[in-house]
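Novice: One file is attached below, final.txt, containing compact mmCIF, C-alpha atoms.
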# COMPACT_ATOMS: atom_id res chain seq x y z
CA MET A 24 -13.65 89.76 36.39
CA GLN A 25 -10.77 87.30 36.32
CA LEU A 26 -10.50 84.88 33.39
CA LEU A 27 -8.16 81.94 32.85
CA VAL A 28 -7.87 81.08 29.16
CA LEU A 29 -6.77 77.53 28.42
CA ASN A 30 -5.67 76.89 24.86
CA GLY A 31 -6.26 73.19 24.22
CA SER A 32 -4.69 73.08 20.78
CA PRO A 33 -1.92 70.49 20.39
CA ARG A 34 -0.26 73.10 18.14
CA GLY A 35 0.20 75.33 21.17
CA PRO A 36 0.71 79.10 20.88
CA LYS A 37 0.86 79.06 17.07
CA SER A 38 -2.61 77.66 16.60
CA ASN A 39 -5.90 78.79 15.15
CA THR A 40 -7.49 78.27 18.56
CA ARG A 41 -5.01 80.64 20.23
CA PHE A 42 -5.51 83.13 17.41
CA VAL A 43 -9.21 83.41 18.21
CA THR A 44 -8.95 83.18 22.02
CA ASP A 45 -6.54 86.14 21.75
CA GLU A 46 -9.22 88.00 19.82
CA PHE A 47 -11.84 87.14 22.46
CA LEU A 48 -9.40 88.50 25.07
CA ARG A 49 -9.00 91.79 23.20
CA GLY A 50 -12.72 92.30 23.65
CA PHE A 51 -12.63 91.05 27.24
CA ALA A 52 -9.92 93.60 28.09
CA ALA A 53 -12.19 96.48 27.05
CA THR A 54 -13.53 96.44 30.62
CA PRO A 55 -10.58 98.03 32.47
CA SER A 56 -10.87 96.06 35.73
CA ASN A 57 -10.77 92.67 33.95
CA GLN A 58 -7.75 90.43 34.34
CA ALA A 59 -6.83 87.46 32.17
CA GLU A 60 -4.05 85.00 31.60
CA THR A 61 -3.63 82.48 28.77
CA LEU A 62 -1.97 79.08 29.19
CA ASP A 63 -1.20 76.61 26.40
CA ILE A 64 -1.87 73.16 27.79
CA ALA A 65 0.30 71.57 25.08
CA ARG A 66 3.28 73.07 26.96
CA PRO A 67 4.13 71.01 30.06
CA SER A 68 4.90 74.00 32.32
CA ASP A 69 1.67 75.76 31.31
CA ARG A 70 -0.27 72.54 31.84
CA GLU A 71 1.00 72.28 35.42
CA LYS A 72 0.03 75.88 36.10
CA ALA A 73 -3.39 75.32 34.52
CA LEU A 74 -4.00 72.39 36.88
CA ALA A 75 -2.98 74.54 39.85
CA ASP A 76 -5.12 77.53 38.80
CA PHE A 77 -8.25 75.89 37.36
CA TRP A 78 -10.37 75.62 40.52
CA GLN A 79 -9.12 78.94 41.91
CA SER A 80 -10.30 80.90 38.86
CA GLU A 81 -13.45 82.98 38.68
CA THR A 82 -14.05 82.10 35.03
CA VAL A 83 -12.30 79.68 32.68
CA LEU A 84 -12.40 79.71 28.89
CA LEU A 85 -11.29 76.35 27.47
CA GLY A 86 -10.74 76.45 23.71
CA PHE A 87 -9.72 73.63 21.40
CA PRO A 88 -9.79 72.47 17.78
CA LEU A 89 -12.19 69.69 16.83
CA TYR A 90 -10.11 66.48 16.59
CA ALA A 91 -11.94 63.39 15.35
CA ASP A 92 -15.32 64.88 16.23
CA ALA A 93 -14.61 65.96 19.81
CA MET A 94 -11.91 67.44 22.05
CA PRO A 95 -8.26 66.41 21.44
CA GLY A 96 -7.28 63.47 23.65
CA MET A 97 -4.86 65.65 25.60
CA VAL A 98 -7.73 68.02 26.51
CA LYS A 99 -9.85 65.10 27.76
CA GLU A 100 -6.87 63.81 29.75
CA PHE A 101 -6.35 67.29 31.22
CA LEU A 102 -10.02 67.45 32.27
CA GLU A 103 -9.82 63.96 33.77
CA GLN A 104 -6.94 65.18 35.91
CA VAL A 105 -8.75 68.42 36.85
CA ALA A 106 -11.67 66.33 38.10
CA THR A 107 -9.42 64.48 40.56
CA LEU A 108 -8.31 67.70 42.30
CA PRO A 109 -10.05 69.07 45.40
CA ARG A 110 -12.88 71.38 44.38
CA PRO A 111 -13.56 74.59 46.29
CA GLN A 112 -17.07 75.61 47.38
CA ARG A 113 -17.07 78.40 44.82
CA ARG A 114 -16.60 76.93 41.34
CA PRO A 115 -15.53 78.77 38.21
CA THR A 116 -17.98 79.65 35.45
CA LEU A 117 -16.92 77.82 32.29
CA VAL A 118 -16.93 79.01 28.69
CA PHE A 119 -15.90 76.69 25.87
CA LEU A 120 -14.66 77.42 22.38
CA VAL A 121 -14.63 74.74 19.67
CA GLN A 122 -13.30 75.53 16.22
CA SER A 123 -13.19 73.14 13.30
CA GLY A 124 -11.63 72.95 9.87
CA PHE A 125 -14.83 71.58 8.35
CA PRO A 126 -17.12 74.47 7.45
CA GLU A 127 -20.49 73.23 8.77
CA ALA A 128 -21.68 73.72 12.34
CA SER A 129 -23.08 70.16 12.31
CA HIS A 130 -19.60 68.81 13.16
CA THR A 131 -19.24 70.69 16.45
CA ALA A 132 -22.80 70.24 17.76
CA PRO A 133 -22.35 66.85 19.53
CA VAL A 134 -19.24 67.88 21.47
CA ALA A 135 -20.97 71.13 22.46
CA ARG A 136 -23.76 69.07 24.01
CA TYR A 137 -21.10 67.05 25.82
CA LEU A 138 -19.39 70.19 27.16
CA GLU A 139 -22.61 71.53 28.64
CA ARG A 140 -23.10 68.22 30.46
CA LEU A 141 -19.43 68.22 31.53
CA ALA A 142 -19.80 71.63 33.21
CA GLY A 143 -22.72 70.29 35.24
CA ARG A 144 -20.74 67.20 36.17
CA LEU A 145 -17.91 69.41 37.49
CA GLY A 146 -20.44 71.45 39.46
CA CYS A 147 -19.80 74.54 37.32
CA THR A 148 -22.07 76.87 35.39
CA CYS A 149 -21.57 76.85 31.62
CA ALA A 150 -21.91 80.37 30.24
CA GLY A 151 -21.90 79.08 26.65
CA VAL A 152 -20.05 77.23 23.91
CA LEU A 153 -18.52 79.28 21.11
CA ARG A 154 -18.51 77.19 17.92
CA ARG A 155 -17.11 78.09 14.54
CA GLY A 156 -16.27 76.05 11.44
CA GLY A 157 -14.04 76.76 8.45
CA MET A 158 -11.18 77.88 10.68
CA GLU A 159 -8.15 75.96 9.38
CA GLY A 160 -6.86 78.99 7.50
CA VAL A 161 -7.76 81.72 9.98
CA ARG A 162 -4.16 82.47 10.93
CA SER A 163 -2.85 82.49 7.38
CA GLU A 164 -5.70 83.92 5.32
CA PRO A 165 -5.57 87.58 4.25
CA ALA A 166 -6.95 90.05 6.80
CA TRP A 167 -9.96 90.97 4.69
CA MET A 168 -11.14 87.34 4.66
CA VAL A 169 -11.10 86.92 8.44
CA ARG A 170 -12.01 90.40 9.61
CA GLY A 171 -15.69 89.57 10.08
CA VAL A 172 -15.18 86.42 12.12
CA LEU A 173 -12.52 88.01 14.31
CA ARG A 174 -14.90 90.88 15.02
CA ARG A 175 -17.50 88.36 16.24
CA PHE A 176 -15.02 86.77 18.66
CA ARG A 177 -13.93 90.21 19.90
CA ARG A 178 -17.53 91.33 20.49
CA LEU A 179 -18.38 88.15 22.34
CA GLY A 180 -15.31 88.72 24.53
CA GLU A 181 -16.38 92.29 25.14
CA ASP A 182 -19.93 91.28 26.11
CA PHE A 183 -18.67 88.49 28.33
CA GLY A 184 -16.17 90.82 29.99
CA ARG A 185 -18.91 93.31 30.74
CA THR A 186 -21.83 91.08 31.72
CA GLY A 187 -20.36 87.64 32.51
CA ARG A 188 -22.81 86.21 29.97
CA LEU A 189 -22.88 85.20 26.35
CA ASP A 190 -25.83 86.03 24.15
CA ALA A 191 -27.46 82.87 22.74
CA GLN A 192 -28.30 84.56 19.45
CA ALA A 193 -24.71 85.82 19.01
CA LEU A 194 -23.47 82.26 19.65
CA ARG A 195 -25.83 80.88 17.00
CA GLU A 196 -24.64 83.48 14.53
CA LEU A 197 -21.01 82.64 15.29
CA ALA A 198 -21.66 78.91 14.73
CA GLY A 199 -23.28 79.65 11.37
CA ARG A 200 -25.28 77.19 9.29
CA GLU A 201 -25.60 73.56 10.32
CA ARG A 202 -25.26 72.60 6.66
CA HIS A 203 -24.21 74.48 3.54
CA SER A 204 -25.69 74.20 0.08
CA ARG A 205 -24.10 71.48 -2.03
CA LEU A 206 -22.78 74.05 -4.46
CA ALA A 207 -21.12 76.15 -1.73
CA LEU A 208 -19.65 73.04 -0.14
CA ARG A 209 -18.24 71.75 -3.44
CA LEU A 210 -16.67 75.14 -4.01
CA VAL A 211 -15.03 75.11 -0.56
CA CYS A 212 -13.70 71.56 -1.12
CA TRP A 213 -12.31 72.45 -4.53
CA TRP A 214 -10.79 75.67 -3.20
CA SER A 215 -9.08 73.88 -0.27
CA ARG A 216 -7.66 71.28 -2.67
CA VAL A 217 -6.28 73.72 -5.19
CA MET A 218 -5.26 76.57 -2.93
CA PHE A 219 -3.99 74.61 0.04
CA TRP A 220 -3.55 70.83 -0.08
CA ASP A 221 -2.04 70.48 -3.56
CA ARG A 222 0.15 73.56 -3.18
CA GLU A 223 1.57 72.26 0.07
CA LEU A 224 2.06 68.75 -1.31
CA LYS A 225 3.96 70.15 -4.30
CA ALA A 226 6.05 72.47 -2.12
CA ASN A 227 7.00 69.41 -0.03
CA GLN A 228 7.79 67.30 -3.14
CA ALA A 229 5.15 64.88 -1.89
CA TYR A 230 2.48 65.38 -4.55
CA ASP A 231 3.29 62.11 -6.34
CA LYS A 232 2.89 60.21 -3.07
CA ARG A 233 -0.31 61.96 -2.00
CA LEU A 234 -2.45 58.81 -2.35
CA ALA A 235 0.16 56.48 -0.80
CA ALA A 236 -1.24 53.63 1.30
CA PRO A 237 1.83 52.47 3.25
CA TYR A 238 -0.11 50.31 5.73
CA ALA A 239 -2.29 48.51 3.18
CA CYS A 240 -2.93 44.87 4.16
CA GLN A 241 -0.79 42.44 2.21
CA MET B 22 -14.21 37.64 11.24
CA LYS B 23 -11.26 39.66 12.52
CA THR B 24 -11.97 41.82 15.56
CA LEU B 25 -9.63 44.42 16.97
CA LEU B 26 -10.22 45.29 20.63
CA MET B 27 -8.62 48.61 21.51
CA ASN B 28 -8.49 48.68 25.30
CA GLY B 29 -8.50 52.33 26.36
CA ASN B 30 -8.67 51.61 30.09
CA PRO B 31 -6.48 54.46 31.41
CA ASN B 32 -3.69 54.33 33.98
CA PRO B 33 -4.30 53.25 36.72
CA PRO B 34 -6.66 50.78 35.07
CA ASP B 35 -10.03 49.69 36.40
CA PRO B 36 -9.55 45.91 36.79
CA ARG B 37 -13.28 45.23 36.21
CA PHE B 38 -13.04 46.62 32.70
CA ASP B 39 -9.95 44.60 31.77
CA ALA B 40 -11.66 41.48 33.10
CA TYR B 41 -14.76 42.21 31.01
CA LEU B 42 -12.69 42.64 27.84
CA GLN B 43 -10.85 39.38 28.50
CA GLY B 44 -14.19 37.66 28.82
CA LEU B 45 -15.40 39.22 25.58
CA ALA B 46 -12.22 38.17 23.75
CA GLN B 47 -12.76 34.62 25.02
CA VAL B 48 -16.39 34.51 23.82
CA LEU B 49 -15.42 35.85 20.38
CA THR B 50 -12.58 33.33 20.11
CA GLU B 51 -14.88 30.46 21.09
CA GLN B 52 -17.23 31.59 18.34
CA GLY B 53 -14.40 31.22 15.85
CA HIS B 54 -13.46 34.88 15.41
CA ALA B 55 -9.87 36.07 15.32
CA VAL B 56 -9.33 38.59 18.12
CA ASN B 57 -6.47 41.05 18.41
CA THR B 58 -6.32 43.09 21.62
CA LEU B 59 -4.21 46.24 21.97
CA GLU B 60 -3.65 47.49 25.50
CA LEU B 61 -3.34 51.16 24.66
CA ARG B 62 -1.98 52.29 28.04
CA SER B 63 1.08 50.08 27.47
CA MET B 64 1.72 51.46 23.99
CA ASP B 65 3.62 54.56 22.97
CA LEU B 66 0.90 56.53 21.14
CA ARG B 67 1.57 60.22 21.47
CA GLN B 68 -0.90 63.04 20.97
CA CYS B 69 -1.50 64.02 17.33
CA SER B 70 0.11 67.44 17.05
CA GLY B 71 -1.97 68.59 14.10
CA CYS B 72 1.17 69.02 11.98
CA PHE B 73 -0.51 67.49 8.88
CA ASP B 74 2.75 65.79 7.82
CA CYS B 75 0.73 62.56 7.39
CA TRP B 76 -1.24 64.38 4.69
CA LEU B 77 1.26 66.79 3.20
CA LYS B 78 4.87 65.63 3.72
CA THR B 79 4.98 61.86 4.26
CA PRO B 80 1.48 60.86 3.08
CA GLY B 81 0.00 58.12 5.25
CA ILE B 82 2.81 58.16 7.85
CA CYS B 83 2.78 60.05 11.16
CA ALA B 84 5.77 62.31 11.85
CA ILE B 85 5.84 61.19 15.48
CA ARG B 86 8.04 58.13 15.97
CA ASP B 87 5.75 56.15 18.23
CA GLN B 88 3.82 52.90 17.81
CA HIS B 89 1.20 54.30 15.42
CA GLY B 90 2.31 51.85 12.72
CA GLN B 91 1.28 48.89 14.86
CA LEU B 92 -2.06 50.54 15.63
CA VAL B 93 -2.82 51.40 12.01
CA GLN B 94 -1.90 47.94 10.70
CA ALA B 95 -4.12 46.29 13.29
CA TYR B 96 -6.96 48.69 12.47
CA LEU B 97 -6.79 48.14 8.73
CA ALA B 98 -6.56 44.37 9.12
CA ALA B 99 -9.76 44.23 11.18
CA ASP B 100 -13.33 43.71 10.00
CA VAL B 101 -14.61 45.35 13.16
CA ALA B 102 -12.57 47.72 15.33
CA VAL B 103 -13.86 48.12 18.90
CA PHE B 104 -13.06 51.32 20.78
CA ALA B 105 -13.34 50.31 24.42
CA SER B 106 -12.89 52.21 27.68
CA PRO B 107 -14.69 53.02 30.89
CA LEU B 108 -16.60 56.30 30.76
CA VAL B 109 -14.64 59.06 32.47
CA LEU B 110 -16.51 62.34 33.03
CA GLY B 111 -19.33 61.08 30.85
CA PHE B 112 -17.33 60.09 27.78
CA SER B 113 -14.73 57.56 26.63
CA SER B 114 -11.25 57.99 28.09
CA GLY B 115 -8.76 60.58 26.86
CA LEU B 116 -6.41 57.69 26.10
CA LEU B 117 -8.98 56.18 23.72
CA LYS B 118 -9.67 59.57 22.19
CA ARG B 119 -5.96 60.21 21.60
CA THR B 120 -5.76 56.81 19.89
CA ALA B 121 -8.71 57.55 17.59
CA GLU B 122 -6.98 60.73 16.42
CA LYS B 123 -3.90 58.80 15.29
CA LEU B 124 -6.11 57.22 12.62
CA ILE B 125 -6.50 60.43 10.59
CA LEU B 126 -3.56 59.19 8.56
CA THR B 127 -5.95 56.60 7.09
CA LEU B 128 -7.75 59.54 5.46
CA LEU B 129 -6.70 61.83 2.63
CA PRO B 130 -6.57 65.59 3.10
CA TYR B 131 -9.08 66.08 0.28
CA ILE B 132 -12.66 66.70 1.32
CA ASP B 133 -15.63 64.77 -0.05
CA ALA B 134 -18.72 66.95 -0.45
CA SER B 135 -20.88 64.34 -2.19
CA SER B 136 -23.11 63.57 0.81
CA GLY B 137 -23.92 67.24 1.35
CA GLU B 138 -21.75 67.34 4.47
CA SER B 139 -17.98 67.40 4.35
CA ARG B 140 -15.68 64.56 5.36
CA HIS B 141 -12.26 63.46 4.19
CA PHE B 142 -11.88 60.89 1.42
CA PRO B 143 -10.47 57.54 2.61
CA ARG B 144 -6.86 56.62 1.87
CA TYR B 145 -7.59 52.88 2.01
CA ALA B 146 -10.20 50.93 0.06
CA LYS B 147 -11.20 48.81 3.03
CA VAL B 148 -11.97 50.32 6.42
CA PRO B 149 -13.27 48.32 9.40
CA ARG B 150 -16.71 48.92 10.82
CA LEU B 151 -16.55 50.46 14.27
CA ALA B 152 -18.04 49.47 17.60
CA VAL B 153 -17.82 51.20 20.96
CA LEU B 154 -17.83 49.54 24.35
CA TYR B 155 -17.97 51.50 27.60
CA GLN B 156 -18.41 50.97 31.32
CA ASP B 157 -20.85 53.20 33.18
CA GLU B 158 -19.72 55.50 35.96
CA PRO B 159 -21.78 55.49 39.18
CA ASP B 160 -23.64 58.62 37.99
CA THR B 161 -24.07 57.71 34.31
CA VAL B 162 -27.53 58.50 32.91
CA ASP B 163 -29.07 57.94 29.48
CA ASP B 164 -28.05 61.41 28.26
CA ASP B 165 -24.37 60.50 28.81
CA ARG B 166 -24.83 57.30 26.82
CA ALA B 167 -26.62 59.23 24.07
CA VAL B 168 -23.91 61.87 23.70
CA THR B 169 -21.19 59.20 23.72
CA ARG B 170 -23.00 57.32 20.96
CA GLU B 171 -23.58 60.53 19.02
CA ILE B 172 -19.90 61.56 19.04
CA TRP B 173 -18.68 58.09 18.03
CA SER B 174 -21.33 57.91 15.29
CA ARG B 175 -19.84 61.09 13.90
CA THR B 176 -16.35 59.60 14.09
CA ALA B 177 -17.52 56.52 12.18
CA ARG B 178 -19.25 58.64 9.56
CA ASN B 179 -16.22 60.86 9.10
CA ALA B 180 -13.95 57.80 8.87
CA ASN B 181 -16.07 56.57 5.92
CA THR B 182 -17.49 53.66 7.88
CA SER B 183 -20.37 52.88 10.23
CA LEU B 184 -20.91 52.40 13.96
CA VAL B 185 -22.38 48.93 14.35
CA ALA B 186 -22.76 48.94 18.13
CA CYS B 187 -22.32 51.26 21.11
CA LEU B 188 -22.86 49.16 24.20
CA SER B 189 -22.16 49.23 27.90
CA THR B 190 -20.51 46.48 29.93
CA SER B 191 -23.87 45.98 31.63
CA THR B 192 -24.61 44.00 28.45
CA THR B 193 -23.35 40.42 28.67
CA ALA B 194 -20.18 39.59 26.74
CA THR B 195 -22.20 37.07 24.72
CA GLU B 196 -24.66 39.76 23.61
CA VAL B 197 -21.83 42.16 22.73
CA ALA B 198 -20.12 39.40 20.74
CA HIS B 199 -23.39 38.79 18.84
CA ALA B 200 -23.80 42.50 18.07
CA ILE B 201 -20.24 42.68 16.74
CA ALA B 202 -20.44 39.43 14.79
CA ARG B 203 -23.77 40.41 13.19
CA ALA B 204 -22.07 43.44 11.66
Re-express the file's structure as structure tokens.
Specialist:
Amino acid sequence: MQLLVLNGSPRGPKSNTRFVTDEFLRGFAATPSNQAETLDIARPSDREKALADFWQSETVLLGFPLYADAMPGMVKEFLEQVATLPRPQRRPTLVFLVQSGFPEASHTAPVARYLERLAGRLGCTCAGVLRRGGMEGVRSEPAWMVRGVLRRFRRLGEDFGRTGRLDAQALRELAGRERHSRLALRLVCWWSRVMFWDRELKANQAYDKRLAAPYACQ
Amino acid sequence: MKTLLMNGNPNPPDPRFDAYLQGLAQVLTEQGHAVNTLELRSMDLRQCSGCFDCWLKTPGICAIRDQHGQLVQAYLAADVAVFASPLVLGFSSGLLKRTAEKLILTLLPYIDASSGESRHFPRYAKVPRLAVLYQDEPDTVDDDRAVTREIWSRTARNANTSLVACLSTSTTATEVAHAIARA
């Protein structure tokens, strides 16, 4: 099977999205005859190649971070351009990956419904939407914290590489709970504040300005 | 009431949509509302790069030197901010989406868990209510309208405000103006 991986993160190669599509690809490569290439659509040269290769591919995995409750604008603009290109008789099978910083799966559900409709609109089959929350730290967190989630992405890649399909139950398990308990959520919010936001603000000598409102109406 | 019309008609623009928005602006003005229209395709609003500088280095200010300041000032000054574009592939335009993302600098990095579902705390005390206006494509069906409304409802919720209307240009400008003004 041939797979074109499109990383739709505005952060490009050093992104959480790329980190997990790479893991998916490790699993995908377990089937020796499989071939894959990854392009970062934030890079202009990769974007051009992605436009040229999209309709010629057998399967396409488009991954992106959740930006303001859907795909980043540049991903939507890329898709709008893809849709203007001549479409071959044989269309690629599409797989999507949406990862969010917010921990609950409720945030990624609406855009996943959109993506399934989008595939139909492009005349493609959608093999599934991989969703996962709580991903902002996946590149930087210690290995023991992310081992489990990376294993899930790898297994899904392996299954997809072997069968061309994604198991609905495995996708549900990857997405996790729609909502978390209030206690768990409060803990996550507190943890992100203390361990990440405030540390970074202090390291940048910006802690005193953290609540600044520079565009407040006069 | 102050209304901001963000025209996300992409390049090349669909002239029917621009004409509709002009008509809407005229109706709102005649009703005594102050209308500010931003033609997004003519502005320099570059893709949010996810650098988080607007949260962690220069709080409230985007690291990209584009026209985000003009956008954010207009947004914060409005009572209702209208995100408007034709539907493209069953959702609002990428240009409009890119614009919406620039507004994360009106939020704080800290996450509010009080509703039982996370969202960022607001940076500003007053945030406009949101409305969405779209133009159907030839193949638009109710499911497309529903998913568009659903995504923008989430955006409103996560921006600490509410979505007061999500209407198509098949609605008359007078009716849209009423829906916005009622808010």
Novice: Mind listing as a PyMOL selection string which residues of chain B are within 6 Å of chain A, counting only C-alpha atoms?
Specialist: chain B and resi 70+77-78+80+94+115+118-119+122+132+134+137+172+176
Novice: Mind giving me the straight-line distance from atom CA of Arg200 of chain A to atom CA of Ser123 of chain A in Å, one decimal?
Specialist: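 Between atom CA of Arg200 of chain A and atom CA of Ser123 of chain A the gap works out to 13.4 Å.
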Novice: Calculated over only C-alpha atoms, which of the candidates B:Pro36, B:Gly29, B:Gly71, B:Pro159 has the smallest distance to Thr58 of chain B?
Specialist: B:Gly29
Novice: What's around segment 150-159 of chain A at 8 Å? Count only C-alpha atoms, leave out sequence neighbours fewer than 4 positions away in its own chain, and write the answer as a PDB file with C-alpha atoms, in the frame of the given file.
Specialist:
ATOM      1  CA  ASN A  39      -5.900  78.790  15.150  1.00  0.00           C
ATOM      2  CA  THR A 116     -17.980  79.650  35.450  1.00  0.00           C
ATOM      3  CA  LEU A 117     -16.920  77.820  32.290  1.00  0.00           C
ATOM      4  CA  VAL A 118     -16.930  79.010  28.690  1.00  0.00           C
ATOM      5  CA  PHE A 119     -15.900  76.690  25.870  1.00  0.00           C
ATOM      6  CA  LEU A 120     -14.660  77.420  22.380  1.00  0.00           C
ATOM      7  CA  VAL A 121     -14.630  74.740  19.670  1.00  0.00           C
ATOM      8  CA  GLN A 122     -13.300  75.530  16.220  1.00  0.00           C
ATOM      9  CA  SER A 123     -13.190  73.140  13.300  1.00  0.00           C
ATOM     10  CA  GLY A 124     -11.630  72.950   9.870  1.00  0.00           C
ATOM     11  CA  PHE A 125     -14.830  71.580   8.350  1.00  0.00           C
ATOM     12  CA  PRO A 126     -17.120  74.470   7.450  1.00  0.00           C
ATOM     13  CA  GLU A 127     -20.490  73.230   8.770  1.00  0.00           C
ATOM     14  CA  ALA A 128     -21.680  73.720  12.340  1.00  0.00           C
ATOM     15  CA  THR A 131     -19.240  70.690  16.450  1.00  0.00           C
ATOM     16  CA  ALA A 135     -20.970  71.130  22.460  1.00  0.00           C
ATOM     17  CA  LEU A 138     -19.390  70.190  27.160  1.00  0.00           C
ATOM     18  CA  GLU A 139     -22.610  71.530  28.640  1.00  0.00           C
ATOM     19  CA  GLY A 187     -20.360  87.640  32.510  1.00  0.00           C
ATOM     20  CA  ARG A 188     -22.810  86.210  29.970  1.00  0.00           C
ATOM     21  CA  LEU A 189     -22.880  85.200  26.350  1.00  0.00           C
ATOM     22  CA  ALA A 191     -27.460  82.870  22.740  1.00  0.00           C
ATOM     23  CA  LEU A 194     -23.470  82.260  19.650  1.00  0.00           C
ATOM     24  CA  LEU A 197     -21.010  82.640  15.290  1.00  0.00           C
ATOM     25  CA  ALA A 198     -21.660  78.910  14.730  1.00  0.00           C
ATOM     26  CA  GLY A 199     -23.280  79.650  11.370  1.00  0.00           C
TER      27      GLY A 199
END
Novice: If you measure from atom CA of Arg144 of chain B to atom CA of Ala177 of chain B, what distance in Å do you get, rounded to one decimal?
Specialist: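 Computing it gives 14.8 Å between the two atoms.
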Novice: I want to know what sits within 10 Å of Arg166 of chain B, based on all atoms listed in the file, with residues of the same chain fewer than 6 positions away left out; could you give that as a JSON list (two decimals) with C-alpha atoms, keeping the file's coordinate frame?
Specialist:
[["chain", "number", "residue", "atom", "x", "y", "z"],
["B", 108, "LEU", "CA", -16.60, 56.30, 30.76],
["B", 111, "GLY", "CA", -19.33, 61.08, 30.85],
["B", 112, "PHE", "CA", -17.33, 60.09, 27.78],
["B", 155, "TYR", "CA", -17.97, 51.50, 27.60],
["B", 157, "ASP", "CA", -20.85, 53.20, 33.18],
["B", 187, "CYS", "CA", -22.32, 51.26, 21.11],
["B", 188, "LEU", "CA", -22.86, 49.16, 24.20],
["B", 189, "SER", "CA", -22.16, 49.23, 27.90]]
Novice: Looking at all atoms listed in the file, which of B:Ala200, B:Thr193, B:Leu66, B:Val56 is the one that sits closest to Tyr41 of chain B?
Specialist: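 Distance minimum relative to Tyr41 of chain B lands on B:Thr193.
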Novice: Mind giving me the straight-line distance from atom CA of Asn179 of chain B to atom CA of His199 of chain B in Å, one decimal?
Specialist: 25.2 Å
Novice: For Leu129 of chain B, which residue out of B:Val93, B:Leu110, B:Ile82, B:Ala152 is the nearest one, using only C-alpha atoms?
Specialist: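 Once distances to Leu129 of chain B are computed over only C-alpha atoms, the minimum belongs to B:Ile82.
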Novice: Measuring atom to atom with all atoms listed in the file, identify which of B:Lys147, B:Arg62, B:His89, B:Arg37 is nearest to Ile125 of chain B.
Specialist: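 Checking each of B:Lys147, B:Arg62, B:His89, B:Arg37 against Ile125 of chain B, counting all atoms listed in the file, the winner is B:His89.
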